[in-house]
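Have a look at input_11.cif; it's mmCIF, C-alpha atoms and all ligand atoms:
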```cif
data_model
#
loop_
_atom_site.label_atom_id
_atom_site.label_comp_id
_atom_site.auth_asym_id
_atom_site.auth_seq_id
_atom_site.Cartn_x
_atom_site.Cartn_y
_atom_site.Cartn_z
CA SER N 1 -36.50 -11.06 31.10
CA THR N 2 -33.89 -8.29 31.00
CA ALA N 3 -34.52 -7.56 27.30
CA GLY N 4 -35.12 -3.89 26.61
CA LYS N 5 -33.96 -2.87 30.09
CA VAL N 6 -30.75 -1.39 31.42
CA ILE N 7 -28.67 -4.12 33.10
CA LYS N 8 -26.60 -3.29 36.17
CA CYS N 9 -23.60 -5.61 36.43
CA LYS N 10 -19.96 -5.93 37.39
CA ALA N 11 -17.16 -4.85 35.07
CA ALA N 12 -13.41 -4.24 35.32
CA VAL N 13 -13.15 -0.55 34.46
CA CYS N 14 -9.84 0.91 33.30
CA TRP N 15 -9.79 4.56 34.46
CA GLY N 16 -6.34 5.19 33.03
CA PRO N 17 -2.95 3.57 32.33
CA LYS N 18 -0.49 2.41 35.03
CA GLN N 19 -3.13 1.53 37.61
CA PRO N 20 -4.99 -1.68 38.45
CA LEU N 21 -8.35 -2.38 36.86
CA SER N 22 -11.22 -1.48 39.15
CA ILE N 23 -14.21 -3.80 39.60
CA GLU N 24 -17.24 -1.49 39.47
CA GLU N 25 -20.98 -1.66 39.06
CA ILE N 26 -21.82 -0.37 35.58
CA GLU N 27 -25.01 0.15 33.56
CA VAL N 28 -25.31 -1.60 30.20
CA ALA N 29 -28.04 -0.10 27.97
CA PRO N 30 -30.09 -2.38 25.73
CA PRO N 31 -28.82 -3.02 22.19
CA LYS N 32 -29.92 -0.56 19.49
CA ALA N 33 -30.62 -1.57 15.87
CA HIS N 34 -28.06 -4.09 14.55
CA GLU N 35 -26.51 -4.57 17.99
CA VAL N 36 -26.34 -7.58 20.29
CA ARG N 37 -26.14 -7.71 24.11
CA ILE N 38 -24.02 -10.62 25.29
CA LYS N 39 -23.57 -12.26 28.70
CA ILE N 40 -19.84 -12.96 28.82
CA VAL N 41 -19.04 -16.42 30.25
CA ALA N 42 -15.25 -16.58 29.87
CA THR N 43 -12.55 -14.17 28.71
CA GLY N 44 -8.80 -14.50 28.17
CA VAL N 45 -6.15 -11.99 29.20
CA CYS N 46 -4.14 -10.90 26.15
CA ARG N 47 -0.97 -8.87 25.61
CA SER N 48 -2.88 -6.16 23.73
CA ASP N 49 -5.07 -5.43 26.79
CA ASP N 50 -1.87 -4.97 28.76
CA HIS N 51 -0.55 -2.59 26.09
CA VAL N 52 -3.35 -0.20 27.14
CA LEU N 53 -2.54 -0.64 30.84
CA SER N 54 1.16 0.02 30.24
CA GLY N 55 0.34 3.17 28.23
CA ALA N 56 1.69 1.79 24.93
CA LEU N 57 -1.71 2.03 23.19
CA ASP N 58 -3.51 5.34 23.05
CA VAL N 59 -7.23 4.92 23.85
CA ASN N 60 -10.02 7.00 25.39
CA PHE N 61 -10.63 6.54 29.14
CA PRO N 62 -12.47 5.20 31.05
CA ILE N 63 -12.64 2.05 28.98
CA ILE N 64 -13.64 -1.59 29.38
CA LEU N 65 -10.85 -3.72 27.92
CA GLY N 66 -10.93 -7.41 26.94
CA HIS N 67 -11.37 -8.80 23.42
CA GLU N 68 -10.84 -12.59 23.66
CA ALA N 69 -14.09 -14.07 24.95
CA ALA N 70 -17.11 -16.29 24.56
CA GLY N 71 -20.65 -15.77 25.83
CA ILE N 72 -24.37 -16.12 25.35
CA VAL N 73 -26.73 -13.71 23.59
CA GLU N 74 -29.00 -11.99 26.15
CA SER N 75 -31.01 -9.88 23.68
CA VAL N 76 -30.77 -8.43 20.19
CA GLY N 77 -31.63 -5.06 18.70
CA GLU N 78 -33.93 -4.33 15.80
CA GLY N 79 -32.89 -5.86 12.49
CA VAL N 80 -30.72 -8.63 13.93
CA THR N 81 -32.00 -11.75 12.23
CA ASN N 82 -29.18 -14.28 12.48
CA LEU N 83 -28.92 -14.34 16.30
CA LYS N 84 -31.37 -14.95 19.13
CA PRO N 85 -31.21 -15.01 22.94
CA GLY N 86 -29.44 -18.15 24.16
CA ASP N 87 -27.10 -18.49 21.17
CA LYS N 88 -23.44 -19.09 22.00
CA VAL N 89 -21.20 -16.43 20.45
CA ILE N 90 -17.66 -15.08 20.18
CA PRO N 91 -17.19 -11.28 19.88
CA LEU N 92 -14.94 -10.26 16.95
CA PHE N 93 -12.22 -7.61 17.37
CA ILE N 94 -12.03 -7.34 13.58
CA PRO N 95 -15.61 -7.01 12.34
CA GLN N 96 -16.72 -8.50 9.03
CA CYS N 97 -19.32 -6.19 7.49
CA GLY N 98 -19.24 -8.20 4.27
CA LYS N 99 -19.76 -5.07 2.16
CA CYS N 100 -16.52 -3.06 2.22
CA ARG N 101 -13.59 -3.36 -0.18
CA CYS N 102 -11.55 -5.42 2.33
CA CYS N 103 -14.43 -7.76 3.16
CA LYS N 104 -15.15 -8.30 -0.54
CA ASN N 105 -11.53 -9.30 -1.18
CA PRO N 106 -11.24 -13.04 -0.55
CA ASP N 107 -7.54 -12.58 0.29
CA SER N 108 -8.08 -9.94 2.98
CA ASN N 109 -9.51 -10.35 6.46
CA PHE N 110 -9.62 -6.70 7.41
CA CYS N 111 -12.77 -4.56 7.44
CA VAL N 112 -13.06 -0.78 7.13
CA LYS N 113 -15.47 -0.81 10.09
CA ASN N 114 -12.64 -1.85 12.45
CA ASP N 115 -11.60 0.14 15.52
CA LEU N 116 -8.04 -1.24 15.56
CA GLU N 117 -6.52 1.63 13.61
CA LYS N 118 -7.88 4.58 15.59
CA PHE N 119 -9.21 3.19 18.89
CA ASN N 120 -12.22 5.53 18.87
CA GLY N 121 -13.83 3.29 21.47
CA VAL N 122 -17.38 3.53 20.13
CA LEU N 123 -19.86 1.31 18.32
CA GLN N 124 -20.88 1.94 14.68
CA ASP N 125 -23.37 4.65 15.77
CA ASN N 126 -20.50 6.54 17.48
CA THR N 127 -21.75 5.99 21.04
CA THR N 128 -21.30 3.23 23.65
CA ARG N 129 -23.82 1.37 25.83
CA PHE N 130 -21.73 1.58 29.02
CA THR N 131 -21.92 4.07 31.89
CA CYS N 132 -20.28 4.04 35.30
CA LYS N 133 -20.79 6.61 38.07
CA GLY N 134 -22.58 8.84 35.57
CA LYS N 135 -19.72 8.77 33.07
CA THR N 136 -19.63 7.30 29.57
CA VAL N 137 -17.31 4.28 29.44
CA TYR N 138 -15.58 3.54 26.13
CA ASN N 139 -15.54 0.32 24.18
CA PHE N 140 -12.32 -1.52 23.21
CA ILE N 141 -11.70 -2.77 19.63
CA SER N 142 -15.39 -3.49 18.90
CA THR N 143 -15.64 -5.95 21.81
CA SER N 144 -15.11 -5.01 25.54
CA THR N 145 -15.31 -8.34 27.35
CA PHE N 146 -14.06 -7.59 30.88
CA THR N 147 -17.70 -7.18 31.94
CA GLU N 148 -20.61 -9.47 32.77
CA TYR N 149 -22.57 -7.94 29.87
CA THR N 150 -21.38 -6.16 26.75
CA VAL N 151 -23.06 -4.75 23.64
CA VAL N 152 -21.45 -5.19 20.22
CA ASP N 153 -22.44 -4.48 16.62
CA ASP N 154 -23.87 -7.49 14.80
CA ILE N 155 -20.94 -7.30 12.33
CA ALA N 156 -18.61 -7.97 15.29
CA VAL N 157 -20.06 -11.21 16.64
CA ALA N 158 -20.03 -14.82 15.40
CA LYS N 159 -22.56 -17.48 16.32
CA ILE N 160 -20.78 -20.70 17.32
CA HIS N 161 -21.52 -24.40 17.87
CA PRO N 162 -24.09 -24.96 20.68
CA ASP N 163 -21.87 -27.62 22.32
CA ALA N 164 -18.74 -25.44 22.43
CA PRO N 165 -17.13 -25.18 25.90
CA LEU N 166 -16.97 -21.41 26.32
CA ASP N 167 -14.14 -21.49 28.86
CA LYS N 168 -11.90 -23.00 26.15
CA VAL N 169 -13.11 -21.63 22.82
CA CYS N 170 -12.80 -18.07 24.08
CA LEU N 171 -9.15 -18.34 22.91
CA ILE N 172 -10.44 -18.59 19.33
CA GLY N 173 -11.43 -14.94 19.79
CA CYS N 174 -7.77 -13.87 19.63
CA GLY N 175 -4.60 -15.73 20.64
CA PHE N 176 -5.23 -19.17 19.20
CA SER N 177 -6.63 -17.93 15.88
CA THR N 178 -3.81 -15.40 15.46
CA GLY N 179 -1.20 -18.16 15.59
CA TYR N 180 -3.07 -21.07 14.06
CA GLY N 181 -4.51 -18.96 11.21
CA SER N 182 -1.03 -17.61 10.41
CA ALA N 183 0.03 -21.17 9.59
CA VAL N 184 -3.08 -22.62 7.93
CA LYS N 185 -4.53 -19.48 6.30
CA THR N 186 -1.87 -16.78 5.82
CA ALA N 187 1.07 -19.09 5.03
CA LYS N 188 -1.01 -22.06 3.82
CA VAL N 189 1.65 -24.49 5.08
CA LYS N 190 1.91 -27.55 2.84
CA PRO N 191 2.31 -31.18 3.93
CA GLY N 192 5.94 -32.31 4.18
CA SER N 193 7.30 -28.76 4.42
CA SER N 194 9.78 -27.20 6.86
CA CYS N 195 8.80 -24.38 9.23
CA VAL N 196 10.51 -22.18 11.80
CA VAL N 197 8.66 -20.32 14.53
CA PHE N 198 10.45 -17.44 16.30
CA GLY N 199 8.90 -16.80 19.73
CA LEU N 200 7.11 -19.41 21.80
CA GLY N 201 4.43 -17.46 23.65
CA GLY N 202 0.79 -18.51 23.35
CA VAL N 203 0.61 -17.19 19.80
CA GLY N 204 3.86 -18.88 18.68
CA LEU N 205 2.68 -22.18 20.17
CA SER N 206 -0.57 -21.78 18.23
CA VAL N 207 1.48 -21.34 15.03
CA ILE N 208 3.14 -24.69 15.87
CA ILE N 209 -0.29 -26.32 16.28
CA GLY N 210 -1.25 -24.96 12.84
CA CYS N 211 1.96 -26.18 11.18
CA LYS N 212 1.40 -29.63 12.63
CA VAL N 213 -2.27 -29.81 11.57
CA ALA N 214 -1.15 -28.73 8.07
CA GLY N 215 1.25 -31.69 7.96
CA ALA N 216 4.65 -29.95 8.15
CA ALA N 217 7.51 -32.47 8.38
CA LYS N 218 9.92 -30.19 10.25
CA ILE N 219 8.84 -27.59 12.80
CA ILE N 220 11.79 -25.77 14.36
CA ALA N 221 10.96 -23.71 17.46
CA VAL N 222 13.22 -20.77 18.39
CA ASP N 223 13.28 -18.90 21.69
CA VAL N 224 15.84 -17.27 23.96
CA ASN N 225 14.05 -18.83 26.93
CA PRO N 226 14.64 -22.61 26.98
CA ASP N 227 11.82 -23.04 29.53
CA LYS N 228 9.50 -22.70 26.53
CA PHE N 229 10.82 -25.78 24.73
CA ALA N 230 8.85 -28.48 26.60
CA LYS N 231 5.48 -26.99 25.61
CA ALA N 232 6.69 -26.37 22.05
CA LYS N 233 7.53 -30.09 21.70
CA GLU N 234 4.22 -31.06 23.27
CA PHE N 235 2.41 -29.07 20.54
CA GLY N 236 4.47 -30.50 17.67
CA ALA N 237 7.89 -28.85 17.40
CA THR N 238 10.38 -31.37 16.01
CA GLU N 239 13.44 -29.38 17.16
CA CYS N 240 14.00 -26.48 19.56
CA ILE N 241 16.92 -24.07 19.36
CA ASN N 242 18.17 -21.15 21.42
CA PRO N 243 19.98 -18.42 19.43
CA LYS N 244 22.16 -17.80 22.51
CA ASP N 245 23.75 -21.24 22.05
CA TYR N 246 25.34 -20.19 18.74
CA ASP N 247 28.02 -17.67 17.86
CA ARG N 248 26.76 -17.17 14.30
CA PRO N 249 23.53 -15.80 12.86
CA ILE N 250 20.54 -18.00 13.50
CA ASN N 251 19.57 -17.99 9.81
CA GLU N 252 22.85 -19.79 9.01
CA VAL N 253 22.08 -22.44 11.64
CA LEU N 254 18.57 -22.86 10.21
CA ALA N 255 19.90 -23.09 6.63
CA GLU N 256 22.11 -26.02 7.65
CA MET N 257 19.21 -27.74 9.37
CA THR N 258 16.88 -27.40 6.36
CA ASP N 259 18.94 -27.93 3.20
CA GLY N 260 19.33 -24.22 2.51
CA GLY N 261 16.35 -22.59 4.22
CA VAL N 262 12.85 -23.18 5.52
CA ASP N 263 9.70 -23.21 3.44
CA TYR N 264 7.86 -21.09 6.03
CA ALA N 265 9.22 -18.70 8.67
CA PHE N 266 7.01 -17.05 11.32
CA GLU N 267 7.99 -14.05 13.44
CA VAL N 268 5.87 -14.14 16.60
CA ILE N 269 7.77 -11.74 18.86
CA GLY N 270 7.27 -8.25 17.41
CA ASN N 271 11.01 -7.60 16.94
CA THR N 272 11.97 -6.05 13.58
CA GLY N 273 15.51 -7.50 13.75
CA ILE N 274 14.04 -10.99 14.15
CA MET N 275 11.69 -10.28 11.22
CA THR N 276 14.77 -9.81 9.02
CA SER N 277 16.33 -13.01 10.47
CA ALA N 278 13.10 -14.84 9.64
CA LEU N 279 13.22 -13.55 6.06
CA LYS N 280 16.86 -14.59 5.68
CA SER N 281 16.13 -18.05 7.06
CA SER N 282 13.47 -18.71 4.42
CA PHE N 283 14.54 -20.67 1.32
CA PHE N 284 15.73 -18.29 -1.41
CA CYS N 285 13.35 -19.74 -4.00
CA GLY N 286 9.77 -19.32 -2.82
CA GLY N 287 10.34 -19.42 0.95
CA LYS N 288 7.53 -17.56 2.70
CA THR N 289 7.86 -15.34 5.79
CA VAL N 290 4.83 -14.37 7.84
CA ILE N 291 4.95 -11.45 10.28
CA VAL N 292 2.64 -12.16 13.21
CA GLY N 293 4.13 -9.99 15.97
CA LEU N 294 3.22 -6.34 16.35
CA ALA N 295 6.41 -4.24 16.43
CA PRO N 296 6.75 -1.04 18.52
CA SER N 297 5.08 1.95 16.77
CA ASN N 298 8.21 3.60 15.36
CA ALA N 299 10.28 0.51 14.58
CA THR N 300 11.18 -0.19 10.96
CA MET N 301 12.37 -3.36 9.27
CA THR N 302 15.41 -3.14 6.96
CA PHE N 303 16.83 -5.77 4.63
CA ASP N 304 18.74 -6.21 1.39
CA PRO N 305 16.04 -6.21 -1.34
CA MET N 306 18.11 -8.80 -3.18
CA LEU N 307 16.58 -11.23 -0.70
CA MET N 308 13.27 -10.77 -2.51
CA LEU N 309 14.49 -10.95 -6.11
CA THR N 310 15.13 -14.69 -5.96
CA GLY N 311 11.49 -15.25 -5.08
CA ARG N 312 11.04 -15.03 -1.33
CA VAL N 313 7.59 -13.96 -0.18
CA LEU N 314 6.99 -11.65 2.79
CA THR N 315 3.51 -11.26 4.23
CA GLY N 316 1.56 -10.76 7.45
CA ALA N 317 -1.92 -10.42 8.90
CA PHE N 318 -3.89 -9.61 12.00
CA PHE N 319 -5.88 -12.48 13.48
CA GLY N 320 -4.10 -15.12 11.42
CA GLY N 321 -5.73 -13.90 8.23
CA PHE N 322 -9.05 -15.28 9.48
CA LYS N 323 -12.16 -13.62 8.08
CA SER N 324 -13.69 -13.28 11.50
CA LYS N 325 -17.40 -14.04 11.02
CA ASP N 326 -16.68 -16.88 8.53
CA ASP N 327 -13.64 -18.55 10.09
CA VAL N 328 -14.36 -18.32 13.84
CA PRO N 329 -17.44 -20.64 13.72
CA GLN N 330 -15.49 -23.10 11.53
CA THR N 331 -12.57 -23.12 13.97
CA VAL N 332 -14.95 -23.72 16.89
CA ASP N 333 -16.48 -26.65 14.94
CA ASP N 334 -12.96 -28.05 14.42
CA TYR N 335 -12.41 -27.85 18.19
CA VAL N 336 -15.75 -29.47 19.04
CA ASN N 337 -15.05 -32.22 16.47
CA LYS N 338 -11.58 -32.71 18.00
CA LYS N 339 -9.72 -31.82 14.79
CA ILE N 340 -7.76 -29.29 16.86
CA ASN N 341 -6.92 -28.96 20.54
CA PHE N 342 -5.30 -26.09 22.39
CA ASP N 343 -6.30 -26.75 26.01
CA GLY N 344 -2.58 -26.83 26.90
CA LEU N 345 -2.37 -23.09 26.21
CA ILE N 346 -4.57 -22.39 29.22
CA THR N 347 -2.16 -22.44 32.16
CA HIS N 348 -4.36 -20.52 34.61
CA GLU N 349 -8.06 -20.11 35.34
CA LEU N 350 -9.27 -17.43 37.72
CA PRO N 351 -12.57 -15.95 38.80
CA PHE N 352 -13.25 -12.67 36.95
CA GLU N 353 -12.75 -10.64 40.14
CA GLN N 354 -9.08 -11.69 40.19
CA ILE N 355 -8.40 -10.06 36.83
CA ASN N 356 -5.44 -8.03 38.09
CA GLU N 357 -3.74 -11.27 39.13
CA GLY N 358 -4.24 -12.49 35.56
CA PHE N 359 -2.28 -9.47 34.31
CA GLU N 360 0.47 -10.07 36.86
CA LEU N 361 0.85 -13.64 35.58
CA LEU N 362 1.14 -12.28 32.03
CA ARG N 363 3.72 -9.62 32.98
CA ASN N 364 6.01 -11.93 34.91
CA GLY N 365 5.91 -14.60 32.19
CA LYS N 366 4.30 -17.21 34.46
CA SER N 367 1.27 -17.83 32.24
CA ILE N 368 0.72 -18.73 28.63
CA ARG N 369 -2.97 -17.89 28.78
CA THR N 370 -5.16 -17.04 31.77
CA VAL N 371 -8.90 -17.52 31.32
CA LEU N 372 -11.22 -15.55 33.62
CA ASN N 373 -14.54 -17.18 34.39
CA PHE N 374 -17.66 -15.23 35.36
N1 LIG N 401 14.66 -14.26 20.11
C1 LIG N 401 13.92 -15.35 20.34
N2 LIG N 401 12.85 -15.35 21.18
C2 LIG N 401 12.53 -14.20 21.78
C3 LIG N 401 13.27 -13.01 21.59
C4 LIG N 401 14.38 -13.07 20.70
N3 LIG N 401 15.13 -12.00 20.45
N4 LIG N 401 12.70 -12.03 22.32
C5 LIG N 401 11.65 -12.58 22.96
N5 LIG N 401 11.53 -13.89 22.63
C6 LIG N 401 10.54 -14.83 23.07
C7 LIG N 401 10.18 -14.71 24.55
O1 LIG N 401 11.06 -15.45 25.37
C8 LIG N 401 8.75 -15.29 24.58
O2 LIG N 401 8.76 -16.68 24.83
C9 LIG N 401 8.23 -15.06 23.16
O3 LIG N 401 9.32 -14.57 22.39
C10 LIG N 401 7.08 -14.01 23.09
O4 LIG N 401 6.01 -14.52 23.76
P1 LIG N 401 4.89 -13.66 24.57
O5 LIG N 401 4.30 -14.56 25.59
O6 LIG N 401 5.47 -12.36 25.00
O7 LIG N 401 3.85 -13.29 23.45
P2 LIG N 401 2.51 -13.89 22.83
O8 LIG N 401 2.76 -15.20 22.14
O9 LIG N 401 1.39 -13.86 23.82
O10 LIG N 401 2.21 -12.79 21.71
C11 LIG N 401 3.24 -12.22 21.02
C12 LIG N 401 2.82 -11.34 19.86
C13 LIG N 401 4.04 -10.59 19.41
C14 LIG N 401 2.32 -12.22 18.74
C15 LIG N 401 1.68 -10.36 20.28
O11 LIG N 401 2.08 -9.51 21.28
C16 LIG N 401 1.24 -9.57 19.06
O12 LIG N 401 1.89 -8.67 18.64
N6 LIG N 401 0.13 -10.00 18.43
C17 LIG N 401 -0.25 -9.61 17.11
C18 LIG N 401 -0.98 -8.34 17.06
C19 LIG N 401 -2.47 -8.50 16.99
O13 LIG N 401 -3.00 -9.32 16.26
N7 LIG N 401 -3.17 -7.67 17.78
C20 LIG N 401 -4.59 -7.61 17.81
C21 LIG N 401 -5.27 -8.11 19.04
S1 LIG N 401 -4.29 -8.97 20.10
ZN ZN N 402 -5.44 -10.25 21.64
ZN ZN N 403 -16.05 -4.86 5.96
#
```
Could you show the structure in this file as structure tokens?
Amino acid sequence: STAGKVIKCKAAVCWGPKQPLSIEEIEVAPPKAHEVRIKIVATGVCRSDDHVLSGALDVNFPIILGHEAAGIVESVGEGVTNLKPGDKVIPLFIPQCGKCRCCKNPDSNFCVKNDLEKFNGVLQDNTTRFTCKGKTVYNFISTSTFTEYTVVDDIAVAKIHPDAPLDKVCLIGCGFSTGYGSAVKTAKVKPGSSCVVFGLGGVGLSVIIGCKVAGAAKIIAVDVNPDKFAKAKEFGATECINPKDYDRPINEVLAEMTDGGVDYAFEVIGNTGIMTSALKSSFFCGGKTVIVGLAPSNATMTFDPMLMLTGRVLTGAFFGGFKSKDDVPQTVDDYVNKKINFDGLITHELPFEQINEGFELLRNGKSIRTVLNF
């Protein structure tokens, strides 16, 4: 057994922005108290990882990126009682400590123990378990999954169904949940309602899946790239429109299509102008707008506050509003029991060593999701 020993393994180390990831041999120290060492089996390539590579996100280097994954527990540290070697797990980029003010609020899914706000790159004890060439390697948003083995805090890992196919359910660790949860949890889409989804990337398509599962009658998909429409329809869009085909504001077009406005509008691009369009396209009495996309750091959203006085609702969440430790296992169960399916989001599968190719596919828009297998 490797328990209690340092593991030498392969990892994709990011030494700095604007350079390819480098496959290196690293050392992974055993888990300390309330930590879990995980053998990663499959990991997705997400836009947020690329934000570090492009220099848009400020983190400490060197770092091991990756946050959308599934794996198997190799060993656990002292005090970890709910997990044992061999358990299938998904690392959680928003932890759920269960004790903080956010965790105690049933309507919040954030946790004060997160590393999303400051990117300190360390575990709860302020150190990491990774070294490479004698240097400390930092952790990424409580997870770090571009490695054969990682160590995470026990508040940042969920035990999942033993029959779950890890090369699929890894998407529940980020992209799928972010979209799907935005529909079923943050918006709480009602049966028979009308929805519009702006932006048809992997996350937007997952919003469509959620709207459909929730029983929406009308799901209007909006994108400037009409190549995205076929997949959108496959996942449940009832109509697809391209703003470029109209010479008037898209909210006016949507109002005509939906008897005055949609019940639910989702912005899944990260464009503050589109956020305002989404708000305007929601029905003036009780229409709900959910911001899913992360806008550039200094961008601000502006709108006439009168839009709100008639009763529109504007909200948003990371990770689809999912309380990570509670909702990830449930979502995996729903996948195993065939209540949901998102296999169509996975357009590419590559061996882990070809990780840089995975990022190329993301950058040139050729992939929806690439899953790397170890
Ligand atoms: N009008 C209509 N469509 C547009 C426009 C526009 N003006 N601009 C771009 N689009 C379309 C593009 O053609 C594309 O199809 C789509 O919008 C965007 O898709 P992708 O593939 O770039 O993006 P996704 O789906 O992988 O993710 C997009 C998000 C914005 C949701 C993502 O980047 C994000 O911000 N996620 C939320 C933040 C978060 O939770 N982060 C934590 C860990 S990831
Ligand atoms: Zn992500
Ligand atoms: Zn908490």
Taking all atoms listed in the file into account, produce a table as CSV in which each residue of chain N with an atom at most 9 Å from an atom of ligand ZN 403 (chain N) appears once, together with its shortest atom pair and the distance in Å to one decimal, ordered by chain and rising number.
```
residue,atom,partner,partner_atom,distance
N:Ile94,CA,N:ZN403,ZN,9.0
N:Pro95,CA,N:ZN403,ZN,6.7
N:Gln96,CA,N:ZN403,ZN,4.8
N:Cys97,CA,N:ZN403,ZN,3.8
N:Gly98,CA,N:ZN403,ZN,4.9
N:Lys99,CA,N:ZN403,ZN,5.3
N:Cys100,CA,N:ZN403,ZN,4.2
N:Arg101,CA,N:ZN403,ZN,6.8
N:Cys102,CA,N:ZN403,ZN,5.8
N:Cys103,CA,N:ZN403,ZN,4.3
N:Lys104,CA,N:ZN403,ZN,7.4
N:Asn109,CA,N:ZN403,ZN,8.6
N:Phe110,CA,N:ZN403,ZN,6.8
N:Cys111,CA,N:ZN403,ZN,3.6
N:Val112,CA,N:ZN403,ZN,5.2
N:Lys113,CA,N:ZN403,ZN,5.8
N:Asn114,CA,N:ZN403,ZN,7.9
N:Ile155,CA,N:ZN403,ZN,8.4
```
Env of stretch 302-304 of chain N: 10 Å cut, atoms = all atoms listed in the file, seq-sep filter 6 positions within chain, self excluded. Answer as an MDAnalysis selection string.
chainID N and resid 272:273 275:277 279:280
Preceding selection exported with C-alpha atoms as a CSV table (one decimal), keeping the file's coordinate frame:
```csv
chain,number,residue,atom,x,y,z
N,272,THR,CA,12.0,-6.0,13.6
N,273,GLY,CA,15.5,-7.5,13.8
N,275,MET,CA,11.7,-10.3,11.2
N,276,THR,CA,14.8,-9.8,9.0
N,277,SER,CA,16.3,-13.0,10.5
N,279,LEU,CA,13.2,-13.6,6.1
N,280,LYS,CA,16.9,-14.6,5.7
```
List all protein, DNA and RNA residues that have at least one atom no more than 7 Å from any atom of ligand LIG 401 (chain N), counting only C-alpha atoms and all ligand atoms, and write them as a ChimeraX atom specification.
/N:46-48,174-175,178,198-204,222-225,228,243,268-271,274,292-295,318-319,365,368
Just write the chosen residues, C-alpha atoms, as a PDB file, in the frame of the given file.
```pdb
ATOM      1  CA  CYS N  46      -4.140 -10.900  26.150  1.00  0.00           C
ATOM      2  CA  ARG N  47      -0.970  -8.870  25.610  1.00  0.00           C
ATOM      3  CA  SER N  48      -2.880  -6.160  23.730  1.00  0.00           C
ATOM      4  CA  CYS N 174      -7.770 -13.870  19.630  1.00  0.00           C
ATOM      5  CA  GLY N 175      -4.600 -15.730  20.640  1.00  0.00           C
ATOM      6  CA  THR N 178      -3.810 -15.400  15.460  1.00  0.00           C
ATOM      7  CA  PHE N 198      10.450 -17.440  16.300  1.00  0.00           C
ATOM      8  CA  GLY N 199       8.900 -16.800  19.730  1.00  0.00           C
ATOM      9  CA  LEU N 200       7.110 -19.410  21.800  1.00  0.00           C
ATOM     10  CA  GLY N 201       4.430 -17.460  23.650  1.00  0.00           C
ATOM     11  CA  GLY N 202       0.790 -18.510  23.350  1.00  0.00           C
ATOM     12  CA  VAL N 203       0.610 -17.190  19.800  1.00  0.00           C
ATOM     13  CA  GLY N 204       3.860 -18.880  18.680  1.00  0.00           C
ATOM     14  CA  VAL N 222      13.220 -20.770  18.390  1.00  0.00           C
ATOM     15  CA  ASP N 223      13.280 -18.900  21.690  1.00  0.00           C
ATOM     16  CA  VAL N 224      15.840 -17.270  23.960  1.00  0.00           C
ATOM     17  CA  ASN N 225      14.050 -18.830  26.930  1.00  0.00           C
ATOM     18  CA  LYS N 228       9.500 -22.700  26.530  1.00  0.00           C
ATOM     19  CA  PRO N 243      19.980 -18.420  19.430  1.00  0.00           C
ATOM     20  CA  VAL N 268       5.870 -14.140  16.600  1.00  0.00           C
ATOM     21  CA  ILE N 269       7.770 -11.740  18.860  1.00  0.00           C
ATOM     22  CA  GLY N 270       7.270  -8.250  17.410  1.00  0.00           C
ATOM     23  CA  ASN N 271      11.010  -7.600  16.940  1.00  0.00           C
ATOM     24  CA  ILE N 274      14.040 -10.990  14.150  1.00  0.00           C
ATOM     25  CA  VAL N 292       2.640 -12.160  13.210  1.00  0.00           C
ATOM     26  CA  GLY N 293       4.130  -9.990  15.970  1.00  0.00           C
ATOM     27  CA  LEU N 294       3.220  -6.340  16.350  1.00  0.00           C
ATOM     28  CA  ALA N 295       6.410  -4.240  16.430  1.00  0.00           C
ATOM     29  CA  PHE N 318      -3.890  -9.610  12.000  1.00  0.00           C
ATOM     30  CA  PHE N 319      -5.880 -12.480  13.480  1.00  0.00           C
ATOM     31  CA  GLY N 365       5.910 -14.600  32.190  1.00  0.00           C
ATOM     32  CA  ILE N 368       0.720 -18.730  28.630  1.00  0.00           C
TER      33      ILE N 368
END
```
N:Gly134, N:Pro30, N:Gly320, N:Pro305 ranked by distance to ligand ZN 402 (chain N), top pick (using all atoms listed in the file):
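For ligand ZN 402 (chain N), the nearest of the given residues is N:Gly320.
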Could you tell me which of N:Lys338, N:Val197, N:Asp263, N:Ala278 comes closest to N:Cys240 if we count all atoms listed in the file?
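Among N:Lys338, N:Val197, N:Asp263, N:Ala278, it is N:Val197 that comes nearest to N:Cys240.
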Between atom CA of N:Arg369 and atom CA of N:Ile346, measure the distance and give it in Å to one decimal.
4.8 Å
Have a look at atom CA of N:Ile160 and atom CA of N:Lys323 and let me know their distance in Å, one decimal.
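Separation between atom CA of N:Ile160 and atom CA of N:Lys323: 14.5 Å.
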Ranking N:Ile7, N:Ala33, N:Ala70, N:Ile172 by minimum distance to ligand ZN 402 (chain N) and counting all atoms listed in the file, which one comes first?
N:Ile172
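Atom CA of N:Val328 is found 15.4 Å from atom CA of N:Asn82.
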